Amino acid sequence: MITAFDRIVIEVKELGSAVEEYAALLGDFSLGNDSALLSLGNVAIELTENRDRENATIVALVLQDSTLKPGDLKAIDNTIPGLTLLRTASTQRSTEFPTGNTGICAVDHLVIQTADADECIRQFGEEGLGLRLALDQQVQKWGARMVFFRTGKMTLEVIQDLKAPPETDHFWGITYLCQDIDRTLASLDEIGVDHSPIREGRKPGTRVATVNSHCLNLPTLLIGPA
């Protein structure tokens, strides 16, 4: 049984410099032999090195499975080419979101670009992994179908561009949650992290800003309550 998201795996060209960049944004990583890990309130961010990468790229999503033993890591049978899904043993996370120096405390949502939203519903929903389907809507002004799955205080957002769907499904971008977006952006200004001005979010009652540096060109957004 899937109980939560465990970690988001991001490949970077050079691990050492990537850790320095991401640490400014998110906080201190724990370094391993070939990866670096940082735990946010609802999921971990894992950086791994791939010298063939020019930009940071989300390459895998690991979910927690209560039927596995500690230390287990298994592939999930996947009906969606282009997405790597893994499962590991469930672990207890704090009910309180930690807040680092910049006030970023969790991942709000992870975005997938898909050519087939129905297939994603079969993979992630009740017939597949059992994630709660929170919303399925078609937004005419964006020419897109948007599907949202929710578990473990994090959302998986699936977007199908109805006019120009991608050739292959892929993880696209990430949105981090901050409790006070004004304070977070002020903290980022102090350390030289470039970002857009704050704007109203698509979700009512939220404000967002785009991160333009220290994310190695991975589409990255900040979101906080209005």
# chains A, B, ... in the order shown; residues from 1 in each chain; ligands from 1
>>> closest_atom_pairs(of="range 47-108 of chain A", to="range 9-31 of chain A", cutoff="8 Å", atoms="only C-alpha atoms", output="JSON lines")
{"residue": "A:Leu47", "atom": "CA", "partner": "A:Ile10", "partner_atom": "CA", "distance": 5.0}
{"residue": "A:Thr48", "atom": "CA", "partner": "A:Glu11", "partner_atom": "CA", "distance": 4.8}
{"residue": "A:Glu49", "atom": "CA", "partner": "A:Val12", "partner_atom": "CA", "distance": 5.0}
{"residue": "A:Asn50", "atom": "CA", "partner": "A:Lys13", "partner_atom": "CA", "distance": 5.1}
{"residue": "A:Arg51", "atom": "CA", "partner": "A:Lys13", "partner_atom": "CA", "distance": 4.6}
{"residue": "A:Asp52", "atom": "CA", "partner": "A:Lys13", "partner_atom": "CA", "distance": 6.5}
{"residue": "A:Arg53", "atom": "CA", "partner": "A:Lys13", "partner_atom": "CA", "distance": 4.9}
{"residue": "A:Glu54", "atom": "CA", "partner": "A:Lys13", "partner_atom": "CA", "distance": 5.9}
{"residue": "A:Asn55", "atom": "CA", "partner": "A:Val12", "partner_atom": "CA", "distance": 6.5}
{"residue": "A:Ala56", "atom": "CA", "partner": "A:Val12", "partner_atom": "CA", "distance": 4.7}
{"residue": "A:Thr57", "atom": "CA", "partner": "A:Glu11", "partner_atom": "CA", "distance": 5.3}
{"residue": "A:Ile58", "atom": "CA", "partner": "A:Ile10", "partner_atom": "CA", "distance": 4.3}
{"residue": "A:Val59", "atom": "CA", "partner": "A:Ile10", "partner_atom": "CA", "distance": 5.8}
{"residue": "A:Ala60", "atom": "CA", "partner": "A:Val9", "partner_atom": "CA", "distance": 5.1}
{"residue": "A:Leu61", "atom": "CA", "partner": "A:Val9", "partner_atom": "CA", "distance": 6.2}
{"residue": "A:Val62", "atom": "CA", "partner": "A:Val9", "partner_atom": "CA", "distance": 7.7}
{"residue": "A:Gly100", "atom": "CA", "partner": "A:Gly27", "partner_atom": "CA", "distance": 5.8}
{"residue": "A:Asn101", "atom": "CA", "partner": "A:Gly27", "partner_atom": "CA", "distance": 6.8}
{"residue": "A:Thr102", "atom": "CA", "partner": "A:Leu25", "partner_atom": "CA", "distance": 6.9}
{"residue": "A:Ile104", "atom": "CA", "partner": "A:Leu26", "partner_atom": "CA", "distance": 6.4}
>>> residues_around(residues="range 186-198 of chain A", least_positions_apart="4", cutoff="10 Å", atoms="only C-alpha atoms", output="PDB file with C-alpha atoms, in the first residue's frame")
ATOM      1  CA  GLU A  21      23.460  25.908  -5.526  1.00  0.00           C
ATOM      2  CA  ALA A  24      21.316  28.234  -0.834  1.00  0.00           C
ATOM      3  CA  LEU A  25      17.701  27.645  -1.794  1.00  0.00           C
ATOM      4  CA  ASN A 101      16.932  29.637   6.578  1.00  0.00           C
ATOM      5  CA  THR A 102      14.791  30.705   3.615  1.00  0.00           C
ATOM      6  CA  GLY A 103      11.466  29.531   5.014  1.00  0.00           C
ATOM      7  CA  ILE A 181       6.504  34.072   0.745  1.00  0.00           C
ATOM      8  CA  ASP A 182       7.489  37.683   1.473  1.00  0.00           C
ATOM      9  CA  ARG A 207       0.745  33.859  -4.182  1.00  0.00           C
ATOM     10  CA  VAL A 208       3.653  32.527  -6.215  1.00  0.00           C
ATOM     11  CA  ALA A 209       7.069  33.502  -7.561  1.00  0.00           C
ATOM     12  CA  THR A 210       9.346  31.806 -10.091  1.00  0.00           C
ATOM     13  CA  VAL A 211      12.900  30.910  -9.043  1.00  0.00           C
ATOM     14  CA  ASN A 212      15.385  31.935 -11.742  1.00  0.00           C
ATOM     15  CA  SER A 213      18.698  30.855 -10.237  1.00  0.00           C
ATOM     16  CA  HIS A 214      20.151  28.186  -7.923  1.00  0.00           C
ATOM     17  CA  CYS A 215      17.866  25.519  -9.437  1.00  0.00           C
ATOM     18  CA  THR A 220      10.941  25.859 -10.011  1.00  0.00           C
ATOM     19  CA  LEU A 221       8.161  27.794  -8.325  1.00  0.00           C
ATOM     20  CA  LEU A 222       7.522  29.040  -4.802  1.00  0.00           C
ATOM     21  CA  ILE A 223       4.002  29.169  -3.386  1.00  0.00           C
TER      22      ILE A 223
END
>>> closest_residue(among="A:Phe171, A:Phe124, A:Ala115, A:Arg199", to="Arg145 in chain A", atoms="only C-alpha atoms")
A:Ala115
>>> residues_around(residues="Leu135 in chain A", least_positions_apart="6", cutoff="10 Å", atoms="only C-alpha atoms", output="list in words")
Met146, Val147, Phe148, Phe149, Arg150 and Glu157 of chain A
>>> closest_residue(among="A:Gln113, A:Thr67, A:Gln179, A:Ser35", to="Gly82 in chain A", atoms="only C-alpha atoms")
A:Gln113
>>> select_by_dssp(residues="range 69-212 of chain A", states="strand (DSSP E or B)", output="NGL selection string")
:A and (73-75 or 85-89 or 104-114 or 132-139 or 144-151 or 154-161 or 170-178 or 195 or 199-200 or 206-211)
>>> residues_around(residues="Ile80 in chain A", least_positions_apart="3", cutoff="8 Å", atoms="only C-alpha atoms", output="list in words")
Leu83, Glu119, Cys120, Gln123 and Asp169 of chain A
>>> write_last_selection(atoms="all heavy atoms", output="PDB file, in the first residue's frame")
ATOM      1  N   LEU A  83       8.421   7.741 -17.443  1.00  0.00           N
ATOM      2  CA  LEU A  83       8.395   7.991 -16.008  1.00  0.00           C
ATOM      3  C   LEU A  83       9.013   6.818 -15.261  1.00  0.00           C
ATOM      4  O   LEU A  83       8.599   5.675 -15.444  1.00  0.00           O
ATOM      5  CB  LEU A  83       6.968   8.208 -15.507  1.00  0.00           C
ATOM      6  CG  LEU A  83       6.182   9.384 -16.092  1.00  0.00           C
ATOM      7  CD1 LEU A  83       4.831   9.491 -15.388  1.00  0.00           C
ATOM      8  CD2 LEU A  83       6.949  10.688 -15.981  1.00  0.00           C
ATOM      9  N   GLU A 119      -4.376   7.593 -18.952  1.00  0.00           N
ATOM     10  CA  GLU A 119      -3.426   6.549 -18.579  1.00  0.00           C
ATOM     11  C   GLU A 119      -2.762   6.886 -17.245  1.00  0.00           C
ATOM     12  O   GLU A 119      -2.501   5.996 -16.424  1.00  0.00           O
ATOM     13  CB  GLU A 119      -2.367   6.374 -19.666  1.00  0.00           C
ATOM     14  CG  GLU A 119      -1.449   5.180 -19.468  1.00  0.00           C
ATOM     15  CD  GLU A 119      -2.216   3.863 -19.386  1.00  0.00           C
ATOM     16  OE1 GLU A 119      -3.173   3.651 -20.166  1.00  0.00           O
ATOM     17  OE2 GLU A 119      -1.857   3.035 -18.513  1.00  0.00           O
ATOM     18  N   CYS A 120      -2.522   8.159 -16.995  1.00  0.00           N
ATOM     19  CA  CYS A 120      -1.969   8.562 -15.709  1.00  0.00           C
ATOM     20  C   CYS A 120      -2.956   8.273 -14.576  1.00  0.00           C
ATOM     21  O   CYS A 120      -2.555   7.865 -13.476  1.00  0.00           O
ATOM     22  CB  CYS A 120      -1.611  10.043 -15.729  1.00  0.00           C
ATOM     23  SG  CYS A 120      -0.131  10.427 -16.688  1.00  0.00           S
ATOM     24  N   GLN A 123      -2.659   4.689 -13.824  1.00  0.00           N
ATOM     25  CA  GLN A 123      -1.402   4.365 -13.139  1.00  0.00           C
ATOM     26  C   GLN A 123      -1.416   4.815 -11.682  1.00  0.00           C
ATOM     27  O   GLN A 123      -1.048   4.065 -10.782  1.00  0.00           O
ATOM     28  CB  GLN A 123      -0.230   5.021 -13.868  1.00  0.00           C
ATOM     29  CG  GLN A 123       1.125   4.898 -13.158  1.00  0.00           C
ATOM     30  CD  GLN A 123       1.682   3.496 -13.186  1.00  0.00           C
ATOM     31  OE1 GLN A 123       1.790   2.883 -14.236  1.00  0.00           O
ATOM     32  NE2 GLN A 123       2.039   2.968 -12.029  1.00  0.00           N
ATOM     33  N   ASP A 169       5.975  11.195 -21.928  1.00  0.00           N
ATOM     34  CA  ASP A 169       5.666  11.725 -20.608  1.00  0.00           C
ATOM     35  C   ASP A 169       6.962  11.979 -19.844  1.00  0.00           C
ATOM     36  O   ASP A 169       7.933  11.227 -19.971  1.00  0.00           O
ATOM     37  CB  ASP A 169       4.807  10.739 -19.825  1.00  0.00           C
ATOM     38  CG  ASP A 169       3.387  10.670 -20.354  1.00  0.00           C
ATOM     39  OD1 ASP A 169       3.170  10.989 -21.540  1.00  0.00           O
ATOM     40  OD2 ASP A 169       2.489  10.281 -19.588  1.00  0.00           O
TER      41      ASP A 169
END
>>> closest_residue(among="A:Lys153, A:His170, A:Lys203, A:Arg122", to="Ala106 in chain A", atoms="only C-alpha atoms")
A:Lys153
>>> residues_around(residues="Asp65 in chain A", least_positions_apart="4", cutoff="8 Å", atoms="only C-alpha atoms", output="MDAnalysis selection string")
chainID A and resid 1:4 87:90
>>> residues_around(residues="Gly143 in chain A", least_positions_apart="4", cutoff="7 Å", atoms="only C-alpha atoms", output="MDAnalysis selection string")
chainID A and resid 139 161:163
>>> select_by_dssp(residues="range 56-215 of chain A", states="alpha helix (DSSP H)", output="list in words")
Ala117, Asp118, Glu119, Cys120, Ile121, Arg122, Gln123, Phe124, Ile181, Asp182, Arg183, Thr184, Leu185, Ala186, Ser187, Leu188, Asp189 and Glu190 of chain A
>>> atom_distance(atom1="CA of Gly205 in chain A", atom2="CA of Gly224 in chain A")
8.7 Å
>>> closest_residue(among="A:Val43, A:Val111, A:Leu156, A:Ala75", to="Gln92 in chain A", atoms="only C-alpha atoms")
A:Val43
>>> atom_distance(atom1="CA of Glu46 in chain A", atom2="CA of Asp118 in chain A")
29.0 Å
>>> closest_residue(among="A:Lys141, A:Ile174, A:Lys69, A:Leu85", to="Asp108 in chain A", atoms="only C-alpha atoms")
A:Ile174
